[in-house]
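A.B. asks: Here you go, this is query.txt (compact mmCIF, C-alpha atoms).
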```txt
# COMPACT_ATOMS: atom_id res chain seq x y z
CA MET A 1 -5.99 63.30 12.39
CA MET A 2 -4.92 59.79 11.17
CA SER A 3 -1.39 59.59 9.84
CA LEU A 4 -0.28 57.83 6.63
CA ALA A 5 1.50 55.14 8.67
CA ASN A 6 -1.71 54.30 10.49
CA ILE A 7 -3.63 54.09 7.22
CA GLU A 8 -1.09 51.58 5.80
CA THR A 9 -1.07 49.48 8.96
CA ASP A 10 -4.82 49.32 9.31
CA ASP A 11 -5.40 48.40 5.66
CA PRO A 12 -7.04 44.86 5.81
CA ILE A 13 -6.09 44.06 2.19
CA LYS A 14 -2.34 44.37 2.62
CA PRO A 15 -1.82 41.43 5.09
CA ILE A 16 -3.92 39.16 2.86
CA PHE A 17 -1.90 40.22 -0.19
CA ASN A 18 1.36 39.61 1.66
CA ARG A 19 0.27 36.09 2.73
CA LYS A 20 -0.68 35.19 -0.82
CA GLN A 21 2.60 36.57 -2.10
CA ARG A 22 4.55 34.50 0.44
CA LYS A 23 2.64 31.35 -0.51
CA ILE A 24 3.33 31.94 -4.20
CA SER A 25 6.98 32.61 -3.47
CA LYS A 26 7.27 29.47 -1.30
CA PHE A 27 5.61 27.33 -3.99
CA ARG A 28 7.91 28.77 -6.69
CA ASP A 29 11.08 28.31 -4.67
CA HIS A 30 10.42 24.97 -2.95
CA TYR A 31 7.70 22.97 -4.68
CA LEU A 32 7.76 23.97 -8.33
CA PRO A 33 11.24 22.51 -9.06
CA ALA A 34 10.16 19.23 -7.46
CA TYR A 35 6.99 19.08 -9.54
CA ILE A 36 8.96 19.80 -12.71
CA LEU A 37 11.33 16.90 -11.93
CA VAL A 38 8.50 14.49 -11.06
CA ILE A 39 6.13 15.25 -13.95
CA PRO A 40 8.16 13.38 -16.66
CA THR A 41 8.26 10.24 -14.51
CA VAL A 42 4.54 10.48 -13.75
CA LEU A 43 3.74 10.85 -17.46
CA LEU A 44 5.94 7.90 -18.41
CA VAL A 45 4.44 5.68 -15.70
CA ALA A 46 0.94 6.72 -16.74
CA PHE A 47 1.64 5.99 -20.41
CA PHE A 48 3.55 2.71 -20.05
CA TYR A 49 1.86 1.22 -16.95
CA VAL A 50 -1.44 2.83 -15.99
CA LEU A 51 -2.87 3.16 -19.51
CA PRO A 52 -2.01 -0.43 -20.57
CA THR A 53 -3.51 -1.72 -17.32
CA LEU A 54 -6.78 0.14 -17.93
CA MET A 55 -6.84 -1.07 -21.53
CA SER A 56 -6.24 -4.65 -20.40
CA LEU A 57 -9.12 -4.42 -17.91
CA PHE A 58 -11.37 -3.13 -20.69
CA TYR A 59 -10.37 -5.78 -23.24
CA GLY A 60 -11.13 -8.53 -20.73
CA PHE A 61 -14.84 -7.68 -20.96
CA VAL A 62 -15.17 -7.32 -24.75
CA GLU A 63 -14.61 -9.19 -28.00
CA SER A 64 -12.40 -7.22 -30.36
CA GLU A 65 -12.27 -7.10 -34.13
CA ASN A 66 -10.12 -5.18 -36.59
CA PHE A 67 -7.18 -4.90 -34.16
CA GLY A 68 -9.33 -3.47 -31.39
CA LEU A 69 -11.10 -0.85 -33.51
CA LYS A 70 -14.43 -2.63 -33.07
CA ASN A 71 -15.32 -3.98 -29.63
CA LYS A 72 -18.43 -5.85 -28.51
CA TRP A 73 -19.29 -5.98 -24.82
CA VAL A 74 -19.54 -9.60 -23.61
CA GLY A 75 -19.34 -9.10 -19.84
CA LEU A 76 -17.86 -12.05 -17.93
CA LYS A 77 -17.78 -14.43 -20.91
CA ASN A 78 -13.97 -14.49 -21.10
CA TYR A 79 -13.69 -15.09 -17.35
CA GLU A 80 -16.27 -17.90 -17.42
CA ARG A 81 -14.21 -19.59 -20.09
CA LEU A 82 -11.08 -19.04 -18.06
CA PHE A 83 -12.43 -20.62 -14.87
CA HIS A 84 -13.41 -23.73 -16.82
CA ASP A 85 -9.99 -23.93 -18.50
CA LYS A 86 -7.94 -26.76 -16.94
CA GLU A 87 -4.79 -25.45 -18.61
CA PHE A 88 -5.18 -22.12 -16.82
CA TRP A 89 -5.36 -23.80 -13.41
CA ALA A 90 -2.31 -25.91 -14.26
CA ASN A 91 -0.42 -22.77 -15.26
CA LEU A 92 -1.50 -21.07 -12.06
CA GLY A 93 -0.18 -24.02 -10.04
CA ASN A 94 3.14 -23.87 -11.90
CA THR A 95 3.39 -20.15 -11.18
CA PHE A 96 2.82 -20.61 -7.45
CA GLN A 97 5.30 -23.47 -7.34
CA TYR A 98 7.87 -21.24 -9.00
CA VAL A 99 7.20 -18.38 -6.53
CA ILE A 100 7.50 -20.71 -3.52
CA LEU A 101 10.94 -21.86 -4.69
CA PHE A 102 12.18 -18.56 -6.09
CA VAL A 103 11.40 -16.04 -3.32
CA PRO A 104 13.06 -17.78 -0.32
CA LEU A 105 16.17 -18.61 -2.35
CA VAL A 106 16.53 -15.02 -3.55
CA LEU A 107 16.08 -13.60 -0.04
CA ILE A 108 18.51 -16.01 1.61
CA ILE A 109 21.27 -15.86 -1.01
CA ALA A 110 20.97 -12.09 -1.54
CA THR A 111 21.16 -11.48 2.22
CA PHE A 112 24.17 -13.77 2.55
CA LEU A 113 26.03 -12.05 -0.29
CA ALA A 114 25.10 -8.60 1.04
CA LEU A 115 26.58 -9.52 4.43
CA LEU A 116 29.78 -10.66 2.74
CA LEU A 117 30.00 -7.54 0.57
CA ASN A 118 29.39 -5.28 3.57
CA GLN A 119 32.83 -6.12 4.91
CA LYS A 120 35.66 -3.60 4.76
CA ILE A 121 38.24 -5.45 2.69
CA LYS A 122 40.46 -4.40 -0.16
CA GLY A 123 38.85 -4.57 -3.59
CA ILE A 124 35.30 -5.01 -2.28
CA SER A 125 33.90 -2.77 -5.03
CA VAL A 126 35.20 -5.23 -7.64
CA PHE A 127 33.30 -8.10 -6.02
CA ARG A 128 30.14 -5.98 -5.81
CA THR A 129 30.39 -5.25 -9.53
CA ILE A 130 30.93 -8.93 -10.38
CA TYR A 131 27.89 -10.04 -8.39
CA PHE A 132 25.74 -7.32 -10.00
CA LEU A 133 26.75 -8.16 -13.60
CA PRO A 134 24.00 -10.80 -14.18
CA GLN A 135 21.40 -8.10 -13.53
CA ILE A 136 22.51 -6.04 -16.52
CA THR A 137 23.26 -8.93 -18.88
CA LEU A 138 20.82 -9.55 -21.73
CA PRO A 139 18.44 -12.42 -20.86
CA ALA A 140 18.79 -13.96 -24.32
CA ALA A 141 22.58 -14.06 -24.00
CA THR A 142 22.57 -15.59 -20.52
CA ALA A 143 19.94 -18.13 -21.60
CA LEU A 144 22.24 -19.40 -24.34
CA VAL A 145 25.00 -19.88 -21.79
CA TRP A 146 22.66 -21.74 -19.41
CA VAL A 147 21.38 -23.97 -22.20
CA VAL A 148 24.97 -25.11 -22.81
CA LEU A 149 25.74 -25.49 -19.09
CA LEU A 150 22.59 -27.53 -18.42
CA ASN A 151 22.75 -29.70 -21.53
CA ARG A 152 22.37 -33.37 -20.68
CA ASP A 153 24.98 -34.72 -23.10
CA TYR A 154 27.79 -32.16 -23.04
CA GLY A 155 26.78 -29.73 -20.33
CA LEU A 156 29.38 -28.54 -17.83
CA LEU A 157 27.12 -29.13 -14.83
CA ASN A 158 26.70 -32.84 -15.52
CA LYS A 159 30.43 -33.15 -16.23
CA MET A 160 31.31 -31.52 -12.91
CA LEU A 161 28.81 -33.57 -10.89
CA GLY A 162 29.37 -36.79 -12.81
CA THR A 163 25.63 -37.16 -13.41
CA ASP A 164 23.35 -37.78 -16.36
CA ILE A 165 20.42 -35.49 -15.54
CA GLY A 166 18.23 -33.82 -18.15
CA TRP A 167 18.09 -30.46 -16.45
CA LEU A 168 15.94 -28.96 -19.21
CA SER A 169 14.16 -32.12 -20.35
CA ASP A 170 13.28 -34.03 -17.17
CA PRO A 171 9.87 -33.01 -15.71
CA LYS A 172 11.13 -33.74 -12.19
CA VAL A 173 13.99 -31.22 -12.25
CA VAL A 174 13.13 -28.67 -14.95
CA MET A 175 11.39 -26.35 -12.46
CA PHE A 176 14.48 -26.32 -10.23
CA SER A 177 16.65 -25.53 -13.27
CA LEU A 178 14.39 -22.65 -14.19
CA VAL A 179 14.48 -21.28 -10.63
CA LEU A 180 18.27 -21.68 -10.47
CA THR A 181 18.83 -19.57 -13.58
CA ALA A 182 16.27 -16.98 -12.45
CA VAL A 183 17.89 -16.60 -9.02
CA TRP A 184 21.30 -16.16 -10.65
CA GLY A 185 19.97 -13.41 -12.91
CA SER A 186 17.89 -11.64 -10.27
CA ILE A 187 20.10 -11.74 -7.23
CA GLY A 188 22.25 -8.71 -8.12
CA LEU A 189 19.56 -6.07 -7.63
CA LYS A 190 18.21 -7.68 -4.45
CA MET A 191 21.73 -7.87 -3.05
CA VAL A 192 22.33 -4.15 -3.67
CA ILE A 193 19.05 -3.20 -1.96
CA ILE A 194 19.84 -5.34 1.08
CA LEU A 195 23.39 -3.98 1.14
CA ALA A 196 21.97 -0.46 1.29
CA GLY A 197 19.79 -1.55 4.21
CA LEU A 198 22.81 -2.97 6.02
CA GLN A 199 24.80 0.22 5.55
CA GLY A 200 21.89 2.21 6.97
CA ILE A 201 22.21 0.50 10.35
CA SER A 202 23.99 2.73 12.85
CA VAL A 203 27.40 1.57 14.08
CA THR A 204 26.53 2.74 17.59
CA LEU A 205 23.95 -0.05 17.85
CA TYR A 206 26.64 -2.64 17.21
CA GLU A 207 28.91 -0.96 19.76
CA ALA A 208 26.12 -1.03 22.35
CA GLY A 209 25.41 -4.67 21.51
CA LEU A 210 29.08 -5.53 21.91
CA LEU A 211 28.97 -4.18 25.45
CA GLU A 212 26.03 -6.49 26.13
CA GLY A 213 27.91 -9.49 24.76
CA ALA A 214 26.33 -9.60 21.28
CA THR A 215 29.04 -11.08 19.07
CA GLY A 216 29.06 -13.32 16.01
CA PHE A 217 25.66 -14.82 15.20
CA LYS A 218 24.03 -13.08 18.18
CA LYS A 219 24.91 -9.72 16.64
CA PHE A 220 23.17 -10.75 13.43
CA ARG A 221 20.19 -12.31 15.21
CA TYR A 222 19.41 -9.50 17.65
CA ILE A 223 20.66 -6.37 15.84
CA THR A 224 21.15 -6.83 12.11
CA LEU A 225 18.16 -9.01 11.27
CA PRO A 226 15.47 -7.01 13.13
CA LEU A 227 16.70 -3.71 11.68
CA LEU A 228 16.94 -5.28 8.23
CA THR A 229 13.34 -6.51 8.19
CA PRO A 230 11.92 -3.39 6.42
CA THR A 231 14.40 -3.93 3.59
CA LEU A 232 13.68 -7.67 3.46
CA PHE A 233 9.97 -6.87 3.39
CA PHE A 234 10.42 -4.64 0.34
CA VAL A 235 12.65 -7.18 -1.41
CA GLY A 236 10.09 -9.88 -0.63
CA ILE A 237 7.28 -7.89 -2.27
CA ILE A 238 9.17 -7.20 -5.50
CA SER A 239 10.42 -10.80 -5.58
CA VAL A 240 6.89 -12.20 -5.33
CA ILE A 241 5.71 -9.91 -8.13
CA GLU A 242 8.74 -10.87 -10.22
CA GLY A 243 8.11 -14.55 -9.56
CA THR A 244 4.47 -14.42 -10.67
CA GLN A 245 5.56 -12.75 -13.90
CA VAL A 246 8.10 -15.38 -14.95
CA PHE A 247 8.35 -15.55 -18.72
CA GLU A 248 11.85 -14.93 -20.11
CA GLY A 249 13.41 -18.03 -18.58
CA ILE A 250 10.71 -20.31 -19.98
CA TYR A 251 10.78 -18.70 -23.40
CA PHE A 252 14.55 -18.63 -23.85
CA LEU A 253 15.52 -21.86 -22.07
CA LEU A 254 12.69 -24.12 -23.23
CA GLY A 255 10.91 -22.41 -26.10
CA ARG A 256 7.40 -23.24 -27.31
CA ASN A 257 7.98 -26.87 -28.34
CA SER A 258 9.69 -28.34 -25.28
CA VAL A 259 8.42 -31.71 -24.03
CA VAL A 260 8.39 -30.38 -20.46
CA LEU A 261 6.70 -27.06 -21.18
CA GLU A 262 3.47 -28.14 -19.47
CA ASP A 263 5.38 -28.68 -16.22
CA VAL A 264 6.64 -25.10 -16.00
CA ARG A 265 4.32 -23.01 -18.18
CA SER A 266 3.36 -19.87 -16.25
CA ILE A 267 0.39 -17.52 -16.45
CA VAL A 268 2.41 -14.87 -18.31
CA PHE A 269 3.69 -17.43 -20.80
CA SER A 270 0.12 -18.60 -21.34
CA TYR A 271 -0.94 -14.98 -21.87
CA PHE A 272 1.79 -14.54 -24.48
CA ILE A 273 0.81 -17.67 -26.41
CA THR A 274 -2.91 -16.92 -26.20
CA THR A 275 -2.61 -13.28 -27.25
CA TYR A 276 0.16 -13.29 -29.83
CA ARG A 277 0.25 -16.86 -31.17
CA GLN A 278 -3.39 -17.92 -31.00
CA ASN A 279 -4.64 -14.38 -31.72
CA GLU A 280 -7.10 -14.26 -28.80
CA PRO A 281 -6.26 -10.91 -27.15
CA ASN A 282 -9.48 -10.69 -25.13
CA TYR A 283 -9.02 -14.08 -23.53
CA GLY A 284 -5.37 -13.20 -22.97
CA ALA A 285 -6.44 -9.96 -21.27
CA ALA A 286 -8.69 -11.96 -18.94
CA ILE A 287 -5.75 -14.21 -18.02
CA ILE A 288 -3.43 -11.31 -17.24
CA ASN A 289 -6.16 -9.45 -15.32
CA ILE A 290 -6.48 -12.43 -12.99
CA LEU A 291 -2.73 -12.22 -12.42
CA LEU A 292 -3.11 -8.52 -11.57
CA ILE A 293 -5.74 -9.38 -8.95
CA ILE A 294 -3.55 -12.16 -7.54
CA ASN A 295 -0.60 -9.77 -7.18
CA LEU A 296 -2.78 -7.19 -5.45
CA LEU A 297 -4.05 -9.81 -3.01
CA LEU A 298 -0.57 -11.19 -2.33
CA THR A 299 0.81 -7.69 -1.73
CA ALA A 300 -2.06 -6.86 0.63
CA LEU A 301 -1.45 -10.14 2.49
CA GLN A 302 2.25 -9.34 2.83
CA PHE A 303 1.46 -5.91 4.25
CA ARG A 304 -0.96 -7.50 6.70
CA LEU A 305 1.56 -10.09 7.86
CA SER A 306 4.38 -7.53 8.00
CA LYS A 307 2.95 -6.09 11.22
CA LYS A 308 4.06 -9.25 13.01
CA TRP A 309 7.67 -9.40 11.87
CA VAL A 310 8.79 -6.06 10.39
CA PHE A 311 10.39 -3.70 12.90
CA TYR A 312 10.88 0.00 12.23
CA GLU A 313 13.25 2.19 14.20
```
Taking this structure as input, can you express it in the form of structure tokens?
C.D. replies:
Amino acid sequence: MMSLANIETDDPIKPIFNRKQRKISKFRDHYLPAYILVIPTVLLVAFFYVLPTLMSLFYGFVESENFGLKNKWVGLKNYERLFHDKEFWANLGNTFQYVILFVPLVLIIATFLALLLNQKIKGISVFRTIYFLPQITLPAATALVWVVLLNRDYGLLNKMLGTDIGWLSDPKVVMFSLVLTAVWGSIGLKMVIILAGLQGISVTLYEAGLLEGATGFKKFRYITLPLLTPTLFFVGIISVIEGTQVFEGIYFLLGRNSVVLEDVRSIVFSYFITTYRQNEPNYGAAIINILLIINLLLTALQFRLSKKWVFYE
């Protein structure tokens, strides 16, 4: 005669029920809180980034009327106009010139400052705060300060150097002035990221390198720099994207009526003028969609090249 214990043990439904109950319990205890914390961010990113991107892609292929309530499909008409637009190609050249100057300067200066601020000296937190301040300062406010500093007649920079250079009016130097102000305003965040990468390098590696004779620059060349390459790679990606989207510096430092605007006008600035000043949102969408494709290609290229110089532990 089969006992009750045997009946409970041999029941095929009970193990399945127990497994399901454990899975539900594990999801509730471990995964559900994480999903609850992530969902608001996902919704915000979807609303403020993904949705506008999809709308921009759509508007690039239509002609809109009545503030976008009526749209007529025109296919590649906006892009055909764009590729025959000499001003667009000039703006694209200005954007690439800006990126070529901006990215190396940001990487080099941010790395140098991060190395200095990684030292154990008294009051180092104060210096870190000072260097980070430009990152949280309003662009309009800093632009006003730079306009005064770079003024040809009474600017402090010309007074200090004893020169008579039109930093914001000479076509030969206006791009360098724009890059200078952008590097100053952007370097704080990049410096903090690189500083975090430096502090993530194990001290034991430096101790082992010291035993092998790695001191001074050799320590930086053979230990710090290789282990810092993943961080530099990330900073490089966000710097390239930031560089291709330059707008605030042009708008606040030069405005829309500057005599040297053509020498620095970027794709994003052109998009702003086309969409909001000339009231051509569909052509503006085509311009910004090309920039999206360029950023995707540049990011893919950086990932491809990273295999040759980025070292992971």
A.B. asks: Quote the spacing between atom CA of Pro40 of chain A and atom CA of Gly197 of chain A in Å to one decimal place.
C.D. replies: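 Going from atom CA of Pro40 of chain A over to atom CA of Gly197 of chain A covers 28.2 Å.
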A.B. asks: Hey, which bits of segment 45-155 of chain A sit within 7 Å of segment 241-251 of chain A, and for each residue what's the closest pair of atoms and how far apart in Å (one decimal), counting all atoms listed in the file, rows by chain and increasing number, as JSON lines?
C.D. replies:
```
{"residue": "A:Thr95", "atom": "CA", "partner": "A:Thr244", "partner_atom": "CA", "distance": 5.9}
{"residue": "A:Tyr98", "atom": "CA", "partner": "A:Gly243", "partner_atom": "CA", "distance": 6.7}
{"residue": "A:Val99", "atom": "CA", "partner": "A:Gly243", "partner_atom": "CA", "distance": 5.0}
{"residue": "A:Phe102", "atom": "CA", "partner": "A:Gly243", "partner_atom": "CA", "distance": 6.7}
```
A.B. asks: My list of candidates is A:Ile100, A:Glu65, A:Tyr222, A:Asn91. Which is closest to Asn279 of chain A when distances are computed with all atoms listed in the file?
C.D. replies: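 For Asn279 of chain A, the nearest of the given residues is A:Glu65.
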A.B. asks: Which residue gives the smallest distance to Ser270 of chain A among A:Val203, A:Leu297, A:Leu43, A:Ala90, with all atoms listed in the file counted?
C.D. replies: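 The shortest atom-to-atom distance to Ser270 of chain A comes from A:Ala90.
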A.B. asks: Lys86 of chain A: which residues within 12 Å, counting all atoms listed in the file, same-chain residues fewer than 6 positions away excluded, as a list in words?
C.D. replies: Leu92, Gly93 and Glu262 of chain A
A.B. asks: Generate a file of the selected residues that holds C-alpha atoms, formatted as a short mmCIF file (atom, residue, chain, number, x, y, z; two decimals), in the frame of the given file.
C.D. replies:
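After the write, result.cif holds the following:
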```cif
data_model
loop_
_atom_site.label_atom_id
_atom_site.label_comp_id
_atom_site.auth_asym_id
_atom_site.auth_seq_id
_atom_site.Cartn_x
_atom_site.Cartn_y
_atom_site.Cartn_z
CA LEU A 92 -1.50 -21.07 -12.06
CA GLY A 93 -0.18 -24.02 -10.04
CA GLU A 262 3.47 -28.14 -19.47
#
```
A.B. asks: So which one's closest to Phe132 of chain A, A:Leu76, A:Ile193, A:Leu253, A:Leu150? Using all atoms listed in the file, please.
C.D. replies: A:Ile193
A.B. asks: Go ahead and compute the interatomic distance for atom CA of Thr275 of chain A and atom CA of Tyr59 of chain A, in Å to one decimal.
C.D. replies: 11.5 Å
A.B. asks: Which of these residues is nearest to Ser177 of chain A, using only C-alpha atoms: A:Ile165, A:Ile273, A:Ile136, A:Leu189?
C.D. replies: A:Ile165
A.B. asks: Dump as a list in words all residues having an atom at most 10 Å from (26.7, -9.7, 7.6), computed in the file's coordinates with all atoms listed in the file.
C.D. replies: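 Within the cut-off we find Thr111, Phe112, Leu113, Ala114, Leu115, Leu116, Leu117, Asn118, Gln119, Leu195, Leu198, Gly216, Phe217, Lys219, Phe220, Thr224 and Leu225 of chain A.
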A.B. asks: To one decimal place, how far is atom CA of Pro134 of chain A from atom CA of Leu157 of chain A in Å?
C.D. replies: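 Interatomic distance here is 18.6 Å.
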A.B. asks: Out of A:Arg304, A:Phe88, A:Ile24, A:Asp29, which residue has the shortest atom-to-atom distance to Leu291 of chain A when counting all atoms listed in the file?
C.D. replies: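 Checking each of A:Arg304, A:Phe88, A:Ile24, A:Asp29 against Leu291 of chain A, counting all atoms listed in the file, the winner is A:Phe88.
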A.B. asks: Tell me which protein, DNA and RNA residues are within 10 Å of Pro230 of chain A, counting all atoms listed in the file, leaving out same-chain ones fewer than 2 positions away, and put them as a list in words.
C.D. replies: Ile194, Gly197, Leu225, Pro226, Leu227, Leu228, Leu232, Phe233, Phe234, Val235, Gly236, Ser306, Trp309, Val310, Phe311, Tyr312 and Glu313 of chain A
A.B. asks: From the set A:Leu168, A:Val126, A:Leu301, A:Val103, which residue has the shortest atom-to-atom contact distance to Gly255 of chain A, counting all atoms listed in the file?
C.D. replies: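 Residue with the minimum atom-to-atom distance to Gly255 of chain A: A:Leu168.
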